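Chemist: I'm passing along structure26.txt; it holds compact mmCIF, C-alpha atoms.
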# COMPACT_ATOMS: atom_id res chain seq x y z
CA MET X 14 0.00 0.00 0.00
CA ASN X 15 3.04 2.29 0.15
CA LYS X 16 3.45 2.23 -3.61
CA PRO X 17 2.15 5.27 -5.50
CA THR X 18 -1.32 4.71 -6.88
CA GLN X 19 -2.13 4.99 -10.54
CA ILE X 20 -5.27 6.46 -12.05
CA THR X 21 -6.84 4.72 -15.00
CA LEU X 22 -10.34 5.68 -16.14
CA PRO X 23 -12.81 3.81 -18.35
CA GLU X 24 -12.30 4.71 -22.00
CA ALA X 25 -15.87 5.94 -22.29
CA PHE X 26 -14.76 9.05 -20.38
CA SER X 27 -12.60 11.68 -22.05
CA ARG X 28 -9.02 11.39 -20.83
CA ARG X 29 -8.27 14.91 -22.09
CA SER X 30 -11.15 16.49 -20.17
CA PHE X 31 -10.24 14.47 -17.08
CA LEU X 32 -6.62 15.64 -17.11
CA LYS X 33 -7.73 19.24 -17.57
CA THR X 34 -10.19 18.98 -14.69
CA THR X 35 -7.65 17.27 -12.44
CA SER X 36 -4.99 19.91 -13.08
CA THR X 37 -7.40 22.69 -12.23
CA ALA X 38 -8.60 20.79 -9.18
CA MET X 39 -5.09 20.30 -7.86
CA ALA X 40 -4.42 24.02 -8.11
CA GLY X 41 -7.72 24.91 -6.44
CA GLY X 42 -7.18 22.25 -3.80
CA ALA X 43 -3.74 23.53 -2.92
CA LEU X 44 -5.09 27.06 -2.50
CA LEU X 45 -8.08 26.18 -0.33
CA GLY X 46 -6.10 23.66 1.67
CA ALA X 47 -3.45 26.25 2.47
CA LEU X 48 -6.07 28.69 3.67
CA ALA X 49 -7.51 26.57 6.47
CA PRO X 50 -5.56 23.45 7.52
CA GLU X 51 -6.96 21.57 10.55
CA ARG X 52 -9.88 23.98 10.98
CA TYR X 53 -12.26 23.23 13.84
CA ALA X 54 -10.19 20.44 15.37
CA HIS X 55 -10.77 22.39 18.60
CA GLY X 56 -14.34 23.48 18.16
CA ALA X 57 -16.44 25.74 15.94
CA SER X 58 -18.93 28.40 16.90
CA ALA X 59 -22.60 28.22 16.02
CA THR X 60 -22.00 30.61 13.14
CA ASP X 61 -18.86 29.05 11.62
CA GLU X 62 -19.48 27.33 8.30
CA ILE X 63 -18.20 23.74 8.42
CA LYS X 64 -16.90 22.49 5.09
CA ILE X 65 -17.66 18.88 4.15
CA ALA X 66 -15.97 16.52 1.70
CA LEU X 67 -17.67 13.35 0.47
CA ILE X 68 -15.31 10.51 -0.42
CA GLY X 69 -17.25 7.65 -1.97
CA CYS X 70 -20.36 8.81 -3.82
CA GLY X 71 -22.53 5.69 -3.82
CA GLY X 72 -25.96 5.39 -2.26
CA ARG X 73 -24.82 5.26 1.37
CA GLY X 74 -22.30 8.04 0.88
CA SER X 75 -24.88 10.27 -0.76
CA GLY X 76 -27.28 9.53 2.08
CA ALA X 77 -24.64 10.36 4.69
CA ALA X 78 -23.81 13.61 2.88
CA GLY X 79 -27.48 14.55 2.86
CA GLN X 80 -27.73 13.87 6.59
CA ALA X 81 -24.59 15.91 7.27
CA LEU X 82 -26.05 18.80 5.28
CA SER X 83 -29.29 18.46 7.25
CA THR X 84 -27.46 19.45 10.43
CA TYR X 85 -27.73 23.10 9.32
CA PRO X 86 -30.07 24.03 12.21
CA ILE X 87 -27.09 23.36 14.51
CA GLY X 88 -24.91 25.66 12.39
CA PRO X 89 -23.91 26.42 8.77
CA VAL X 90 -22.56 23.55 6.68
CA LYS X 91 -21.56 23.23 3.05
CA LEU X 92 -20.47 20.37 0.80
CA ILE X 93 -17.43 21.72 -1.03
CA ALA X 94 -15.59 18.66 -2.44
CA MET X 95 -16.35 15.15 -3.71
CA ALA X 96 -14.15 12.20 -4.69
CA ASP X 97 -14.79 8.82 -6.29
CA ILE X 98 -13.16 6.40 -8.72
CA HIS X 99 -16.27 6.23 -10.91
CA PRO X 100 -17.23 9.48 -12.69
CA ASP X 101 -20.84 8.39 -13.12
CA ARG X 102 -21.29 7.85 -9.40
CA LEU X 103 -19.90 11.27 -8.56
CA GLU X 104 -22.05 12.98 -11.19
CA SER X 105 -25.22 11.20 -10.07
CA SER X 106 -24.58 11.89 -6.39
CA LEU X 107 -23.85 15.57 -7.01
CA SER X 108 -26.98 15.97 -9.13
CA ASN X 109 -29.19 14.44 -6.45
CA LEU X 110 -27.64 16.45 -3.61
CA GLN X 111 -28.04 19.66 -5.60
CA LYS X 112 -31.75 18.91 -5.92
CA THR X 113 -32.28 18.27 -2.21
CA HIS X 114 -29.74 20.67 -0.66
CA ALA X 115 -29.10 23.25 -3.37
CA GLU X 116 -28.11 26.14 -1.09
CA ARG X 117 -25.62 23.95 0.82
CA VAL X 118 -23.82 22.30 -2.13
CA ASP X 119 -20.93 24.10 -3.82
CA VAL X 120 -18.82 21.55 -5.72
CA PRO X 121 -17.58 23.01 -9.01
CA LYS X 122 -15.53 20.93 -11.45
CA GLU X 123 -12.26 21.93 -9.86
CA ARG X 124 -13.37 20.30 -6.60
CA GLN X 125 -14.61 17.04 -8.15
CA PHE X 126 -11.77 14.55 -7.84
CA LEU X 127 -11.44 11.20 -9.63
CA GLY X 128 -9.08 8.28 -9.11
CA PHE X 129 -7.76 6.01 -6.40
CA ASP X 130 -5.83 8.86 -4.76
CA ALA X 131 -8.59 11.47 -5.20
CA TYR X 132 -9.51 11.20 -1.52
CA LYS X 133 -6.32 13.03 -0.50
CA LYS X 134 -7.29 16.12 -2.49
CA ALA X 135 -10.86 16.18 -1.16
CA ILE X 136 -9.76 15.68 2.44
CA GLU X 137 -7.37 18.61 2.12
CA LEU X 138 -10.22 21.05 1.55
CA ALA X 139 -12.59 19.93 4.28
CA ASP X 140 -13.27 20.36 7.98
CA VAL X 141 -15.28 17.12 8.08
CA CYS X 142 -14.64 14.14 5.79
CA ILE X 143 -17.34 11.59 5.03
CA LEU X 144 -15.59 8.30 4.20
CA SER X 145 -18.08 6.01 2.47
CA THR X 146 -16.10 4.06 -0.11
CA PRO X 147 -16.15 0.25 0.02
CA PRO X 148 -14.72 -0.76 3.43
CA GLY X 149 -11.42 -2.22 2.23
CA LEU X 150 -10.28 1.31 1.36
CA ARG X 151 -11.43 2.87 4.64
CA PRO X 152 -8.26 2.38 6.73
CA MET X 153 -5.92 4.29 4.41
CA MET X 154 -8.46 7.09 4.02
CA PHE X 155 -9.05 7.40 7.76
CA GLU X 156 -5.30 7.42 8.29
CA GLU X 157 -4.94 10.24 5.76
CA ALA X 158 -7.77 12.29 7.27
CA VAL X 159 -6.20 12.05 10.72
CA LYS X 160 -2.78 12.90 9.28
CA GLN X 161 -4.30 16.06 7.78
CA GLY X 162 -6.07 16.91 11.06
CA LYS X 163 -9.67 16.52 9.88
CA ASN X 164 -12.83 15.41 11.71
CA VAL X 165 -14.32 12.24 10.28
CA PHE X 166 -17.56 10.41 9.72
CA MET X 167 -16.74 6.95 8.36
CA GLU X 168 -19.21 4.30 7.40
CA LYS X 169 -19.15 0.83 8.87
CA PRO X 170 -17.37 -1.53 8.62
CA VAL X 171 -14.10 0.31 9.02
CA ALA X 172 -11.92 -2.35 7.36
CA SER X 173 -12.05 -5.68 5.54
CA ASP X 174 -9.10 -7.46 7.19
CA ALA X 175 -7.03 -7.47 10.37
CA ALA X 176 -4.30 -5.34 8.82
CA GLY X 177 -6.87 -2.64 8.13
CA VAL X 178 -8.28 -2.83 11.66
CA ARG X 179 -4.79 -2.35 13.10
CA LYS X 180 -4.33 0.71 10.90
CA VAL X 181 -7.66 2.17 12.09
CA LEU X 182 -6.79 1.58 15.75
CA ALA X 183 -3.43 3.30 15.29
CA ALA X 184 -5.07 6.26 13.53
CA ALA X 185 -7.69 6.44 16.29
CA GLU X 186 -4.92 7.00 18.81
CA GLU X 187 -3.54 9.83 16.71
CA ALA X 188 -7.01 11.33 16.30
CA LYS X 189 -7.42 11.38 20.07
CA LYS X 190 -4.10 13.19 20.49
CA LYS X 191 -5.24 15.80 17.95
CA ASN X 192 -8.68 16.20 19.57
CA LEU X 193 -10.38 15.18 16.32
CA LYS X 194 -14.01 14.07 16.37
CA VAL X 195 -14.61 10.65 14.80
CA ALA X 196 -17.99 9.05 14.12
CA VAL X 197 -18.68 5.55 12.77
CA GLY X 198 -21.91 4.62 10.96
CA LEU X 199 -23.18 2.11 13.53
CA GLN X 200 -26.31 4.15 13.98
CA ARG X 201 -27.96 1.95 16.61
CA HIS X 202 -25.72 3.75 19.14
CA HIS X 203 -27.75 6.87 18.32
CA GLN X 204 -31.16 5.17 18.24
CA ALA X 205 -33.27 6.13 21.24
CA GLY X 206 -34.83 2.69 21.72
CA TYR X 207 -31.48 0.91 21.68
CA ILE X 208 -29.91 3.48 24.01
CA GLU X 209 -32.63 3.11 26.63
CA THR X 210 -32.77 -0.69 26.32
CA LEU X 211 -29.00 -1.06 26.70
CA LYS X 212 -29.00 1.26 29.69
CA ARG X 213 -31.53 -0.96 31.44
CA LEU X 214 -29.58 -4.12 30.59
CA HIS X 215 -26.39 -2.57 31.95
CA ASP X 216 -28.30 -1.55 35.09
CA GLY X 217 -29.16 -5.24 35.67
CA ALA X 218 -32.78 -5.43 34.45
CA ILE X 219 -32.39 -9.13 33.54
CA GLY X 220 -29.47 -9.96 35.84
CA ASP X 221 -26.20 -11.35 34.53
CA ILE X 222 -26.33 -11.90 30.77
CA VAL X 223 -25.41 -15.50 30.00
CA SER X 224 -26.45 -16.03 26.37
CA MET X 225 -26.95 -13.86 23.27
CA ARG X 226 -28.00 -14.29 19.68
CA ALA X 227 -27.75 -12.04 16.63
CA TYR X 228 -29.23 -12.49 13.13
CA TRP X 229 -28.92 -10.86 9.75
CA ASN X 230 -30.83 -13.34 7.63
CA GLY X 231 -32.15 -11.73 4.47
CA GLN X 232 -31.84 -11.29 0.74
CA ARG X 233 -28.86 -10.52 -1.46
CA PRO X 234 -28.39 -6.89 -2.47
CA TRP X 235 -27.49 -5.50 -5.89
CA GLN X 236 -25.32 -7.28 -8.42
CA LYS X 237 -23.79 -5.89 -11.62
CA LYS X 238 -23.01 -8.56 -14.17
CA ARG X 239 -19.86 -8.27 -16.20
CA ALA X 240 -21.63 -8.74 -19.53
CA ASP X 241 -24.16 -6.01 -18.74
CA LEU X 242 -21.43 -3.57 -17.70
CA GLU X 243 -19.38 -4.23 -20.80
CA LYS X 244 -22.37 -3.50 -23.04
CA SER X 245 -23.37 -0.38 -21.13
CA ASP X 246 -22.64 3.19 -22.19
CA LEU X 247 -20.19 3.40 -19.27
CA TYR X 248 -17.70 1.12 -20.97
CA LYS X 249 -18.65 -0.43 -24.34
CA ARG X 250 -15.55 -2.61 -24.02
CA PRO X 251 -14.18 -5.48 -21.92
CA LEU X 252 -13.57 -4.53 -18.30
CA THR X 253 -10.28 -4.99 -16.55
CA GLU X 254 -10.52 -7.30 -13.57
CA MET X 255 -10.05 -4.39 -11.15
CA GLU X 256 -12.83 -2.42 -12.83
CA TYR X 257 -15.16 -5.39 -12.57
CA GLN X 258 -14.38 -6.11 -8.92
CA MET X 259 -14.69 -2.47 -7.92
CA ARG X 260 -18.13 -2.29 -9.57
CA ASN X 261 -19.09 -5.47 -7.66
CA TRP X 262 -17.15 -4.80 -4.46
CA TYR X 263 -19.80 -6.42 -2.27
CA TYR X 264 -18.93 -9.86 -3.67
CA PHE X 265 -15.16 -9.73 -3.05
CA THR X 266 -13.76 -10.15 0.45
CA TRP X 267 -10.71 -7.91 -0.01
CA ILE X 268 -12.84 -4.85 -0.65
CA GLY X 269 -16.25 -5.69 0.91
CA GLY X 270 -15.37 -8.04 3.76
CA ASP X 271 -18.17 -10.59 2.97
CA HIS X 272 -21.71 -10.00 4.18
CA ILE X 273 -20.94 -11.05 7.77
CA VAL X 274 -18.70 -7.96 7.90
CA GLU X 275 -20.56 -5.56 5.62
CA GLN X 276 -24.09 -6.13 6.95
CA HIS X 277 -24.14 -8.40 10.01
CA ILE X 278 -21.72 -6.06 11.78
CA HIS X 279 -24.74 -4.06 12.98
CA ASN X 280 -26.08 -6.95 15.07
CA ILE X 281 -22.61 -8.11 16.13
CA ASP X 282 -21.91 -4.56 17.32
CA VAL X 283 -25.06 -4.57 19.46
CA ILE X 284 -23.93 -7.74 21.24
CA ASN X 285 -20.49 -6.25 21.91
CA TRP X 286 -22.32 -3.20 23.28
CA VAL X 287 -24.43 -5.44 25.53
CA LYS X 288 -21.28 -7.07 26.88
CA ASN X 289 -19.17 -3.89 26.87
CA ALA X 290 -16.49 -6.15 25.41
CA HIS X 291 -15.39 -8.05 22.35
CA PRO X 292 -15.22 -11.87 22.21
CA VAL X 293 -12.02 -13.75 22.96
CA LYS X 294 -12.52 -16.51 20.38
CA ALA X 295 -14.89 -17.80 17.71
CA ARG X 296 -15.78 -21.05 15.97
CA ALA X 297 -18.00 -21.15 12.93
CA MET X 298 -19.30 -22.82 9.83
CA GLY X 299 -20.37 -21.36 6.54
CA GLY X 300 -20.20 -21.68 2.79
CA ARG X 301 -21.92 -21.12 -0.52
CA GLU X 302 -24.96 -23.26 -1.11
CA ILE X 303 -26.77 -21.46 -3.92
CA ASN X 304 -25.04 -20.38 -7.12
CA HIS X 305 -26.97 -17.28 -8.12
CA GLY X 306 -24.94 -15.92 -10.99
CA GLY X 307 -22.04 -18.17 -11.91
CA ALA X 308 -18.89 -16.13 -12.49
CA ASP X 309 -20.69 -13.00 -11.25
CA ASP X 310 -21.05 -14.40 -7.73
CA GLY X 311 -17.54 -13.49 -6.66
CA VAL X 312 -16.00 -15.22 -3.65
CA ILE X 313 -18.29 -14.53 -0.69
CA PHE X 314 -20.29 -17.12 1.26
CA ASP X 315 -24.08 -17.08 1.37
CA HIS X 316 -24.40 -18.32 4.97
CA PHE X 317 -22.51 -18.13 8.27
CA ALA X 318 -23.19 -19.55 11.73
CA VAL X 319 -20.75 -18.37 14.40
CA GLN X 320 -20.34 -18.99 18.11
CA TYR X 321 -18.59 -16.02 19.69
CA GLU X 322 -17.20 -16.74 23.16
CA TYR X 323 -16.67 -13.84 25.58
CA GLU X 324 -14.19 -13.69 28.45
CA ASP X 325 -16.80 -14.68 31.04
CA GLY X 326 -17.65 -17.83 29.07
CA SER X 327 -20.97 -16.57 27.70
CA ILE X 328 -21.76 -17.35 24.06
CA SER X 329 -23.30 -15.26 21.32
CA TYR X 330 -24.94 -17.34 18.59
CA SER X 331 -24.61 -15.40 15.38
CA GLU X 332 -26.21 -16.11 11.99
CA CYS X 333 -26.33 -14.36 8.65
CA ARG X 334 -27.65 -15.63 5.34
CA HIS X 335 -28.23 -14.55 1.74
CA GLN X 336 -30.66 -17.09 0.38
CA PRO X 337 -33.97 -16.30 -1.36
CA GLY X 338 -37.24 -17.81 -0.22
CA CYS X 339 -36.04 -18.38 3.35
CA TRP X 340 -37.05 -17.15 6.79
CA ASN X 341 -35.66 -13.66 7.40
CA SER X 342 -34.72 -11.86 10.58
CA VAL X 343 -32.49 -8.92 11.43
CA SER X 344 -32.50 -8.90 15.22
CA GLU X 345 -30.72 -9.32 18.54
CA ALA X 346 -31.80 -10.97 21.80
CA VAL X 347 -30.18 -11.77 25.14
CA VAL X 348 -30.92 -14.06 28.08
CA GLY X 349 -30.03 -13.20 31.66
CA THR X 350 -30.25 -14.86 35.05
CA LYS X 351 -33.43 -12.89 35.84
CA GLY X 352 -35.16 -12.57 32.46
CA HIS X 353 -34.64 -12.03 28.76
CA CYS X 354 -34.72 -9.17 26.26
CA ASP X 355 -35.63 -8.75 22.59
CA VAL X 356 -33.14 -5.97 22.08
CA ASN X 357 -34.24 -4.78 18.65
CA LYS X 358 -37.85 -4.70 19.86
CA TYR X 359 -36.82 -2.71 22.97
CA GLN X 360 -38.67 -5.24 25.13
CA ILE X 361 -37.60 -6.70 28.49
CA ASN X 362 -39.36 -9.67 30.08
CA ALA X 363 -38.41 -9.99 33.73
CA ALA X 364 -39.92 -9.40 37.19
CA GLU X 365 -40.82 -5.97 35.86
CA ASN X 366 -41.74 -6.14 32.18
CA TRP X 367 -40.86 -3.10 30.09
CA ARG X 368 -41.13 -1.91 26.51
CA TYR X 369 -39.87 1.29 24.96
CA LYS X 370 -42.37 3.21 22.83
CA ALA X 371 -40.45 4.68 19.89
CA GLU X 372 -43.06 7.10 18.60
CA GLY X 373 -41.55 10.42 17.62
CA ALA X 374 -37.92 9.30 17.94
CA LYS X 375 -35.52 10.89 15.46
CA ASP X 376 -34.12 8.86 12.56
CA PRO X 377 -30.86 7.42 13.95
CA TYR X 378 -29.07 8.03 10.64
CA GLN X 379 -29.77 11.73 11.13
CA GLN X 380 -29.14 11.65 14.85
CA GLU X 381 -25.60 10.31 14.44
CA HIS X 382 -24.69 13.31 12.27
CA ASP X 383 -26.43 15.75 14.61
CA ASP X 384 -24.37 14.33 17.48
CA LEU X 385 -21.10 14.58 15.55
CA PHE X 386 -21.61 18.16 14.41
CA THR X 387 -22.76 19.20 17.89
CA ALA X 388 -19.56 17.71 19.32
CA ILE X 389 -17.48 19.61 16.78
CA ARG X 390 -19.18 22.93 17.55
CA GLN X 391 -19.04 22.43 21.32
CA ASN X 392 -15.55 20.86 21.24
CA LYS X 393 -16.68 17.77 23.12
CA GLU X 394 -14.54 14.65 23.19
CA TYR X 395 -16.06 12.38 20.55
CA SER X 396 -14.61 9.16 19.16
CA GLU X 397 -16.38 6.04 18.00
CA ALA X 398 -13.35 4.67 16.17
CA VAL X 399 -12.26 2.07 18.75
CA TYR X 400 -15.61 0.35 19.21
CA GLY X 401 -16.18 0.62 15.45
CA ALA X 402 -12.86 -1.13 14.87
CA GLU X 403 -13.56 -3.77 17.52
CA SER X 404 -16.99 -4.57 16.10
CA THR X 405 -15.48 -4.74 12.62
CA MET X 406 -12.79 -7.10 13.92
CA THR X 407 -15.44 -9.24 15.64
CA ALA X 408 -17.17 -9.73 12.30
CA ILE X 409 -13.83 -10.46 10.60
CA LEU X 410 -13.05 -12.98 13.36
CA GLY X 411 -16.29 -14.82 12.56
CA ARG X 412 -15.43 -14.84 8.86
CA MET X 413 -11.95 -16.15 9.57
CA ALA X 414 -13.36 -18.94 11.73
CA ALA X 415 -15.85 -19.93 9.01
CA TYR X 416 -13.38 -19.67 6.11
CA SER X 417 -10.82 -21.80 7.94
CA GLY X 418 -13.13 -24.14 9.82
CA LYS X 419 -10.94 -23.59 12.89
CA GLU X 420 -11.49 -22.07 16.31
CA ILE X 421 -9.73 -18.71 16.16
CA GLU X 422 -8.60 -16.62 19.12
CA TRP X 423 -9.08 -12.85 19.06
CA ASN X 424 -5.44 -11.93 19.62
CA LYS X 425 -4.20 -14.25 16.89
CA ALA X 426 -6.85 -13.01 14.48
CA LEU X 427 -6.00 -9.35 15.10
CA ALA X 428 -2.31 -10.14 14.53
CA SER X 429 -2.94 -11.92 11.21
CA GLN X 430 -0.35 -10.98 8.61
CA ILE X 431 -2.56 -11.95 5.67
CA ALA X 432 -3.35 -8.64 3.95
CA LEU X 433 -6.14 -8.80 1.37
CA LEU X 434 -5.70 -5.51 -0.49
CA PRO X 435 -3.70 -5.45 -3.74
CA ASP X 436 -0.19 -4.01 -3.66
CA THR X 437 -1.21 -1.49 -6.32
CA LEU X 438 -4.60 0.18 -6.62
CA ALA X 439 -5.20 1.01 -10.27
CA PHE X 440 -7.74 -0.05 -12.86
CA ASP X 441 -5.01 -1.76 -14.88
CA ALA X 442 -3.58 -3.62 -11.86
CA ASN X 443 -4.76 -7.07 -10.80
CA PRO X 444 -6.44 -7.84 -7.48
CA LYS X 445 -4.98 -10.75 -5.53
CA VAL X 446 -8.08 -12.84 -6.30
CA MET X 447 -8.46 -13.62 -10.00
CA PRO X 448 -10.92 -15.83 -11.93
CA GLY X 449 -9.79 -19.20 -13.23
CA PRO X 450 -9.87 -20.30 -16.89
CA ASP X 451 -13.58 -21.11 -16.48
CA GLY X 452 -14.29 -17.58 -15.26
CA LEU X 453 -15.08 -18.78 -11.73
CA TYR X 454 -13.34 -17.66 -8.54
CA GLN X 455 -11.84 -19.92 -5.90
CA ARG X 456 -13.71 -19.51 -2.63
CA ALA X 457 -12.50 -20.31 0.85
CA VAL X 458 -12.55 -24.03 1.71
CA PRO X 459 -13.15 -24.76 5.42
CA GLY X 460 -10.46 -27.05 6.75
CA GLU X 461 -7.99 -25.87 4.12
CA THR X 462 -8.01 -22.08 3.86
CA GLU X 463 -5.35 -20.27 5.91
CA VAL X 464 -6.45 -17.06 7.61
CA LEU X 465 -3.63 -16.33 10.04
If you took the structure in this file and wrote it as structure tokens, what would it be?
Modeler:
Amino acid sequence: MNKPTQITLPEAFSRRSFLKTTSTAMAGGALLGALAPERYAHGASATDEIKIALIGCGGRGSGAAGQALSTYPIGPVKLIAMADIHPDRLESSLSNLQKTHAERVDVPKERQFLGFDAYKKAIELADVCILSTPPGLRPMMFEEAVKQGKNVFMEKPVASDAAGVRKVLAAAEEAKKKNLKVAVGLQRHHQAGYIETLKRLHDGAIGDIVSMRAYWNGQRPWQKKRADLEKSDLYKRPLTEMEYQMRNWYYFTWIGGDHIVEQHIHNIDVINWVKNAHPVKARAMGGREINHGGADDGVIFDHFAVQYEYEDGSISYSECRHQPGCWNSVSEAVVGTKGHCDVNKYQINAAENWRYKAEGAKDPYQQEHDDLFTAIRQNKEYSEAVYGAESTMTAILGRMAAYSGKEIEWNKALASQIALLPDTLAFDANPKVMPGPDGLYQRAVPGETEVL
């Protein structure tokens, strides 16, 4: 990852216009960056305008940017820079944000950055950076934002492998030294029902918690088939392998983490919150049972079942599944010595039954941004990076246990020297995972795959 990145764009986009735009952007970026480095690391008044950069312009990134811009009642905010590797995603995101937040979006061409290193230029201009690229890229971007002294909102998960988690934890320490505010998109921590339910559990409402379970059993999300992409107006040519995998990042572990990391992290995080700890080991099973799209299915599993063991010996039974036509549940529950709790339903069954009524509660996706921007303006200590990294690592631990078929200890997993990201990030470079002659990818084989 220390090698210089290269920028290669799809041929459907004008290389000449891109180079012209990038040159102008670099000049404009240098000027604005020099004017206000590390602004508001130590607080901003109610009237200071906070400048926002969006890095990663997909659906979740665009949503996060909209929520950040909706904090304007707390104080002035403006989106002033955007970065992505796909021009079409940046253009679409900008167009939509201009429609919904016109007076708070000011991103001219010279502040629209493209390429694998575009994030550095966007970060330079901002007071707050929204990091919402695929998770495999998050650690290096968080590291850069902290290096430049910027406040951060980063989506979950914060990494796709142990090497990335270690990088996030190290950057979190630096962020704390610099008094930077760091938020992580595990929005249940800002959801009124969860907050009140967890408070009661921690106060002993059901006694000592002895058993937990967490589910993310649902349907597969989007998929972009290679043949359809190659025929589209975006390309009209064969894709490089990196282009294909970046368009289908969800289906490749190095960039997406597998669905236990990308989606199930929400429920895993709740259980860590219940325990105020991370597990010390995990054992698991998982695999791919249904072949949905042949070569377009990537390398991820479609089911996991994990037993997470915590230091006190209690077990969390964790499941996630991507199989159509099956029973679905996205939920968490815990059992204690004096009762039990359906956490996601905010319901406690014990000597004194209780249920939280959520009517009128604010959308937690908005609340997490309100809380971050309030902390910036009031200069309150604010860092969610460590528990975000630990919950990410918990999900990675479960994946490692399932991929290998072995019981894996936390400390050994976190120290794993197997790095998944390519040595070079460029559209004409190859990822470490490549299709075979038949176009299919080799998936993990429990009992054989090495993860440490």
Chemist: Produce the centre coordinates and the three edge lengths, each in Å to one decimal, of the box along x, y and z that contains all listed atoms of segment 53-68 of chain X with 5 Å added on each side, as AutoDock Vina command-line options.
Modeler:
--center_x -16.4 --center_y 20.6 --center_z 9.1 --size_x 22.4 --size_y 30.1 --size_z 29.0
Chemist: Please provide as a ChimeraX atom specification all residues within 12 Å of Glu186 of chain X, with the sequence filter that same-chain residues fewer than 2 positions apart are discarded (counting only C-alpha atoms).
Modeler: /X:155-156,159-160,179-184,188-195,396-399
Chemist: Find the residues around Ile208 of chain X up to 12 Å (all atoms listed in the file counted), leave out those fewer than 2 positions away in its own chain, and share them as an mmCIF file with C-alpha atoms, in the frame of the given file.
Modeler:
data_model
loop_
_atom_site.group_PDB
_atom_site.id
_atom_site.type_symbol
_atom_site.label_atom_id
_atom_site.label_comp_id
_atom_site.auth_asym_id
_atom_site.auth_seq_id
_atom_site.Cartn_x
_atom_site.Cartn_y
_atom_site.Cartn_z
ATOM 1 C CA GLN X 200 -26.310 4.150 13.980
ATOM 2 C CA ARG X 201 -27.960 1.950 16.610
ATOM 3 C CA HIS X 202 -25.720 3.750 19.140
ATOM 4 C CA HIS X 203 -27.750 6.870 18.320
ATOM 5 C CA GLN X 204 -31.160 5.170 18.240
ATOM 6 C CA ALA X 205 -33.270 6.130 21.240
ATOM 7 C CA GLY X 206 -34.830 2.690 21.720
ATOM 8 C CA THR X 210 -32.770 -0.690 26.320
ATOM 9 C CA LEU X 211 -29.000 -1.060 26.700
ATOM 10 C CA LYS X 212 -29.000 1.260 29.690
ATOM 11 C CA ARG X 213 -31.530 -0.960 31.440
ATOM 12 C CA LEU X 214 -29.580 -4.120 30.590
ATOM 13 C CA HIS X 215 -26.390 -2.570 31.950
ATOM 14 C CA VAL X 283 -25.060 -4.570 19.460
ATOM 15 C CA TRP X 286 -22.320 -3.200 23.280
ATOM 16 C CA VAL X 287 -24.430 -5.440 25.530
ATOM 17 C CA VAL X 356 -33.140 -5.970 22.080
ATOM 18 C CA ASN X 357 -34.240 -4.780 18.650
ATOM 19 C CA TYR X 359 -36.820 -2.710 22.970
ATOM 20 C CA TYR X 369 -39.870 1.290 24.960
ATOM 21 C CA ALA X 371 -40.450 4.680 19.890
ATOM 22 C CA ALA X 374 -37.920 9.300 17.940
ATOM 23 C CA PRO X 377 -30.860 7.420 13.950
#
Chemist: May I ask for the distance between atom CA of Lys249 of chain X and atom CA of Pro100 of chain X, given in Å to one decimal place?
Modeler: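 These two atoms are separated by 15.4 Å.
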Chemist: Using Å and a single decimal, report how far atom CA of Ile361 of chain X sits from atom CA of Gln320 of chain X.
Modeler: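 Atom CA of Ile361 of chain X lies 23.6 Å from atom CA of Gln320 of chain X.
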Chemist: Just the number, please: distance in Å from atom CA of Leu433 of chain X to atom CA of Gly270 of chain X, one decimal.
Modeler: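 Those two atoms sit 9.6 Å apart.
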Chemist: Which residue is closest to Lys133 of chain X? Choose from X:Thr387, X:Thr350, X:Gln161, X:Gln360 and count all atoms listed in the file.
Modeler: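 Closest candidate: X:Gln161.
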Chemist: Would you list the contacts of Ser173 of chain X as a PyMOL selection string, taking every protein, DNA or RNA residue within 12 Å and counting all atoms listed in the file, but skipping same-chain residues closer than 3 positions in sequence?
Modeler: chain X and resi 146-153+169-170+176-181+262-263+265-275+278+402+404-410+412-413+427+431-434
Chemist: Pick out the closest residue to Ile222 of chain X from this set: X:Ile281, X:Ala81, X:Val348, X:Ala388. Count all atoms listed in the file.
Modeler: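 Checking each candidate against Ile222 of chain X, we get X:Val348 as the closest.
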Chemist: Using all atoms listed in the file, which protein or nucleic acid residues come within 10 Å of Ala78 of chain X? Drop anything in the same chain fewer than 3 positions from it, and give the result as a PyMOL selection string.
Modeler: chain X and resi 65-68+70+72-75+81-83+91-92+106+110+114+142-145+166+382
